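Peer 1: So here's protein02.pdb (PDB, N, CA and C atoms).
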ATOM      1  N   MET U   1      -4.377   9.151  -0.629
ATOM      2  CA  MET U   1      -4.473   8.058   0.302
ATOM      3  C   MET U   1      -3.418   6.990  -0.004
ATOM      4  N   ILE U   2      -3.312   6.603  -1.264
ATOM      5  CA  ILE U   2      -2.336   5.571  -1.617
ATOM      6  C   ILE U   2      -0.920   6.116  -1.467
ATOM      7  N   ARG U   3      -0.746   7.403  -1.730
ATOM      8  CA  ARG U   3       0.578   8.012  -1.572
ATOM      9  C   ARG U   3       1.021   7.935  -0.111
ATOM     10  N   SER U   4       0.107   8.105   0.818
ATOM     11  CA  SER U   4       0.435   7.977   2.247
ATOM     12  C   SER U   4       0.860   6.556   2.577
ATOM     13  N   TRP U   5       0.200   5.586   1.980
ATOM     14  CA  TRP U   5       0.554   4.180   2.186
ATOM     15  C   TRP U   5       1.945   3.912   1.636
ATOM     16  N   GLU U   6       2.237   4.476   0.473
ATOM     17  CA  GLU U   6       3.563   4.299  -0.117
ATOM     18  C   GLU U   6       4.635   4.888   0.800
ATOM     19  N   GLU U   7       4.376   6.067   1.341
ATOM     20  CA  GLU U   7       5.342   6.690   2.256
ATOM     21  C   GLU U   7       5.530   5.837   3.504
ATOM     22  N   ALA U   8       4.451   5.308   4.042
ATOM     23  CA  ALA U   8       4.556   4.425   5.209
ATOM     24  C   ALA U   8       5.352   3.172   4.857
ATOM     25  N   TYR U   9       5.149   2.644   3.665
ATOM     26  CA  TYR U   9       5.894   1.475   3.188
ATOM     27  C   TYR U   9       7.396   1.774   3.187
ATOM     28  N   ILE U  10       7.754   2.910   2.645
ATOM     29  CA  ILE U  10       9.166   3.309   2.603
ATOM     30  C   ILE U  10       9.711   3.467   4.012
ATOM     31  N   GLN U  11       8.971   4.159   4.871
ATOM     32  CA  GLN U  11       9.433   4.389   6.244
ATOM     33  C   GLN U  11       9.587   3.071   6.997
ATOM     34  N   HIS U  12       8.694   2.141   6.773
ATOM     35  CA  HIS U  12       8.794   0.835   7.421
ATOM     36  C   HIS U  12      10.033   0.095   6.934
ATOM     37  N   ASN U  13      10.271   0.149   5.635
ATOM     38  CA  ASN U  13      11.423  -0.556   5.063
ATOM     39  C   ASN U  13      12.760  -0.010   5.549
ATOM     40  N   ILE U  14      12.823   1.268   5.867
ATOM     41  CA  ILE U  14      14.090   1.832   6.353
ATOM     42  C   ILE U  14      14.159   1.856   7.881
ATOM     43  N   GLY U  15      13.142   1.292   8.511
ATOM     44  CA  GLY U  15      13.170   1.134   9.958
ATOM     45  C   GLY U  15      12.605   2.282  10.768
ATOM     46  N   ASN U  16      11.924   3.211  10.120
ATOM     47  CA  ASN U  16      11.359   4.357  10.831
ATOM     48  C   ASN U  16       9.904   4.174  11.255
ATOM     49  N   LEU U  17       9.302   3.068  10.877
ATOM     50  CA  LEU U  17       7.917   2.785  11.261
ATOM     51  C   LEU U  17       7.873   1.372  11.822
ATOM     52  N   GLU U  18       7.488   1.270  13.070
ATOM     53  CA  GLU U  18       7.490  -0.021  13.761
ATOM     54  C   GLU U  18       6.426  -0.967  13.198
ATOM     55  N   ASP U  19       6.717  -2.257  13.335
ATOM     56  CA  ASP U  19       5.774  -3.291  12.887
ATOM     57  C   ASP U  19       4.410  -3.127  13.536
ATOM     58  N   ARG U  20       4.376  -2.743  14.810
ATOM     59  CA  ARG U  20       3.100  -2.619  15.526
ATOM     60  C   ARG U  20       2.203  -1.544  14.903
ATOM     61  N   LEU U  21       2.783  -0.607  14.171
ATOM     62  CA  LEU U  21       2.003   0.402  13.456
ATOM     63  C   LEU U  21       1.770   0.002  12.000
ATOM     64  N   TRP U  22       2.776  -0.606  11.412
ATOM     65  CA  TRP U  22       2.702  -0.981  10.005
ATOM     66  C   TRP U  22       1.678  -2.087   9.734
ATOM     67  N   GLU U  23       1.660  -3.107  10.558
ATOM     68  CA  GLU U  23       0.799  -4.264  10.294
ATOM     69  C   GLU U  23      -0.694  -3.916  10.276
ATOM     70  N   PRO U  24      -1.207  -3.162  11.262
ATOM     71  CA  PRO U  24      -2.631  -2.791  11.180
ATOM     72  C   PRO U  24      -2.928  -1.882   9.981
ATOM     73  N   MET U  25      -1.974  -1.016   9.652
ATOM     74  CA  MET U  25      -2.148  -0.130   8.506
ATOM     75  C   MET U  25      -2.277  -0.949   7.223
ATOM     76  N   THR U  26      -1.437  -1.949   7.093
ATOM     77  CA  THR U  26      -1.484  -2.808   5.915
ATOM     78  C   THR U  26      -2.811  -3.553   5.832
ATOM     79  N   GLY U  27      -3.301  -4.040   6.956
ATOM     80  CA  GLY U  27      -4.598  -4.709   6.968
ATOM     81  C   GLY U  27      -5.718  -3.792   6.516
ATOM     82  N   TYR U  28      -5.673  -2.553   6.976
ATOM     83  CA  TYR U  28      -6.684  -1.573   6.585
ATOM     84  C   TYR U  28      -6.627  -1.303   5.083
ATOM     85  N   TYR U  29      -5.440  -1.039   4.578
ATOM     86  CA  TYR U  29      -5.314  -0.739   3.150
ATOM     87  C   TYR U  29      -5.669  -1.940   2.282
ATOM     88  N   ARG U  30      -5.323  -3.119   2.727
ATOM     89  CA  ARG U  30      -5.692  -4.321   1.974
ATOM     90  C   ARG U  30      -7.221  -4.429   1.913
ATOM     91  N   PHE U  31      -7.884  -4.130   3.018
ATOM     92  CA  PHE U  31      -9.345  -4.161   3.064
ATOM     93  C   PHE U  31      -9.946  -3.159   2.082
ATOM     94  N   ILE U  32      -9.480  -1.912   2.117
ATOM     95  CA  ILE U  32     -10.086  -0.910   1.238
ATOM     96  C   ILE U  32      -9.649  -1.082  -0.215
ATOM     97  N   LEU U  33      -8.484  -1.689  -0.433
ATOM     98  CA  LEU U  33      -8.054  -1.944  -1.808
ATOM     99  C   LEU U  33      -8.987  -2.939  -2.489
ATOM    100  N   ASN U  34      -9.679  -3.739  -1.723
ATOM    101  CA  ASN U  34     -10.641  -4.684  -2.281
ATOM    102  C   ASN U  34     -11.978  -4.035  -2.619
ATOM    103  N   SER U  35     -12.132  -2.756  -2.272
ATOM    104  CA  SER U  35     -13.352  -2.056  -2.675
ATOM    105  C   SER U  35     -13.224  -1.667  -4.148
ATOM    106  N   ARG U  36     -14.307  -1.696  -4.821
ATOM    107  CA  ARG U  36     -14.281  -1.434  -6.258
ATOM    108  C   ARG U  36     -13.692  -0.064  -6.617
ATOM    109  N   PRO U  37     -14.093   1.032  -5.964
ATOM    110  CA  PRO U  37     -13.537   2.329  -6.370
ATOM    111  C   PRO U  37     -12.009   2.400  -6.222
ATOM    112  N   LEU U  38     -11.489   1.932  -5.097
ATOM    113  CA  LEU U  38     -10.047   2.049  -4.893
ATOM    114  C   LEU U  38      -9.279   1.077  -5.775
ATOM    115  N   SER U  39      -9.795  -0.108  -5.982
ATOM    116  CA  SER U  39      -9.090  -1.046  -6.862
ATOM    117  C   SER U  39      -9.053  -0.504  -8.290
ATOM    118  N   TRP U  40     -10.104   0.174  -8.705
ATOM    119  CA  TRP U  40     -10.132   0.793 -10.028
ATOM    120  C   TRP U  40      -9.074   1.887 -10.124
ATOM    121  N   VAL U  41      -9.015   2.750  -9.109
ATOM    122  CA  VAL U  41      -8.012   3.822  -9.089
ATOM    123  C   VAL U  41      -6.610   3.226  -9.127
ATOM    124  N   TRP U  42      -6.367   2.191  -8.324
ATOM    125  CA  TRP U  42      -5.044   1.569  -8.292
ATOM    126  C   TRP U  42      -4.656   1.055  -9.677
ATOM    127  N   GLU U  43      -5.545   0.358 -10.327
ATOM    128  CA  GLU U  43      -5.229  -0.191 -11.653
ATOM    129  C   GLU U  43      -4.949   0.910 -12.676
ATOM    130  N   LYS U  44      -5.640   2.016 -12.570
ATOM    131  CA  LYS U  44      -5.464   3.111 -13.528
ATOM    132  C   LYS U  44      -4.245   3.984 -13.219
ATOM    133  N   ARG U  45      -3.834   4.061 -11.953
ATOM    134  CA  ARG U  45      -2.802   5.020 -11.552
ATOM    135  C   ARG U  45      -1.528   4.400 -10.993
ATOM    136  N   LYS U  46      -1.452   3.083 -10.901
ATOM    137  CA  LYS U  46      -0.320   2.471 -10.213
ATOM    138  C   LYS U  46       1.024   2.746 -10.867
ATOM    139  N   GLU U  47       1.039   3.073 -12.141
ATOM    140  CA  GLU U  47       2.313   3.376 -12.792
ATOM    141  C   GLU U  47       2.963   4.652 -12.254
ATOM    142  N   HIS U  48       2.233   5.414 -11.462
ATOM    143  CA  HIS U  48       2.759   6.644 -10.871
ATOM    144  C   HIS U  48       3.431   6.411  -9.519
ATOM    145  N   PHE U  49       3.529   5.156  -9.119
ATOM    146  CA  PHE U  49       4.131   4.805  -7.839
ATOM    147  C   PHE U  49       5.427   4.042  -8.062
ATOM    148  N   ASP U  50       6.236   4.026  -7.025
ATOM    149  CA  ASP U  50       7.514   3.328  -7.064
ATOM    150  C   ASP U  50       7.319   1.858  -7.445
ATOM    151  N   GLU U  51       8.217   1.344  -8.262
ATOM    152  CA  GLU U  51       8.090  -0.032  -8.758
ATOM    153  C   GLU U  51       8.061  -1.063  -7.630
ATOM    154  N   GLU U  52       8.892  -0.875  -6.624
ATOM    155  CA  GLU U  52       8.919  -1.822  -5.499
ATOM    156  C   GLU U  52       7.593  -1.806  -4.746
ATOM    157  N   PHE U  53       7.043  -0.618  -4.540
ATOM    158  CA  PHE U  53       5.750  -0.501  -3.870
ATOM    159  C   PHE U  53       4.647  -1.132  -4.717
ATOM    160  N   ARG U  54       4.667  -0.903  -6.009
ATOM    161  CA  ARG U  54       3.670  -1.519  -6.905
ATOM    162  C   ARG U  54       3.707  -3.035  -6.797
ATOM    163  N   SER U  55       4.900  -3.588  -6.801
ATOM    164  CA  SER U  55       5.036  -5.047  -6.689
ATOM    165  C   SER U  55       4.486  -5.543  -5.364
ATOM    166  N   TYR U  56       4.767  -4.785  -4.305
ATOM    167  CA  TYR U  56       4.255  -5.149  -2.983
ATOM    168  C   TYR U  56       2.723  -5.174  -2.991
ATOM    169  N   VAL U  57       2.113  -4.097  -3.458
ATOM    170  CA  VAL U  57       0.649  -3.997  -3.455
ATOM    171  C   VAL U  57       0.031  -5.062  -4.358
ATOM    172  N   ASP U  58       0.582  -5.240  -5.530
ATOM    173  CA  ASP U  58       0.028  -6.234  -6.452
ATOM    174  C   ASP U  58       0.183  -7.655  -5.923
ATOM    175  N   GLY U  59       1.125  -7.868  -5.021
ATOM    176  CA  GLY U  59       1.342  -9.194  -4.456
ATOM    177  C   GLY U  59       0.537  -9.492  -3.204
ATOM    178  N   LEU U  60      -0.216  -8.506  -2.708
ATOM    179  CA  LEU U  60      -1.020  -8.720  -1.504
ATOM    180  C   LEU U  60      -2.172  -9.674  -1.779
ATOM    181  N   GLU U  61      -2.436 -10.518  -0.822
ATOM    182  CA  GLU U  61      -3.610 -11.394  -0.890
ATOM    183  C   GLU U  61      -4.828 -10.592  -0.456
ATOM    184  N   PRO U  62      -5.982 -10.853  -1.065
ATOM    185  CA  PRO U  62      -7.203 -10.119  -0.661
ATOM    186  C   PRO U  62      -7.625 -10.403   0.759
TER     187      PRO U  62
END
Is it possible to give me this structure as structure tokens?
Peer 2:
Amino acid sequence: MIRSWEEAYIQHNIGNLEDRLWEPMTGYYRFILNSRPLSWVWEKRKEHFDEEFRSYVDGLEP
């Protein structure tokens, strides 16, 4: 699930994913990232993701 978000992040950054699709996706992931199971997984596994993506996710407001 998080890997799909990372791919969407990359595609958005290179202009292949429109804002109208990216923004709702980000809202959804931000919502589920605040759930205990996913936040736990993120903290334990985030080193397996691209550094720029990690910084983006860690910088999101709840």
Peer 1: Could you tell me which residues the PyMOL selection byres (((chain U and resi 39-55 and name CA) around 12) and name CA) returns for this structure, as an NGL selection string?
Peer 2: :U and (1-13 or 29-38 or 56-60 or 62)
Peer 1: Please write out, as lines of an AutoDock Vina configuration file, where the centre of an axis-aligned box around all listed atoms of stretch 28-46 of chain U lies and how long its edges are, in Å to one decimal, after adding 4 Å on each side.
Peer 2:
center_x = -6.6
center_y = 0.2
center_z = -3.3
size_x = 23.3
size_y = 17.7
size_z = 28.5
Peer 1: Would you work out the distance separating atom N of U:Glu61 from atom C of U:Gly15, expressed in Å to one decimal?
Peer 2: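 It comes out at 22.9 Å.
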Peer 1: Quick check, in Å to one decimal: how far apart do atom C of U:Tyr28 and atom CA of U:Ile14 lie?
Peer 2: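 Between atom C of U:Tyr28 and atom CA of U:Ile14 the gap is 21.0 Å.
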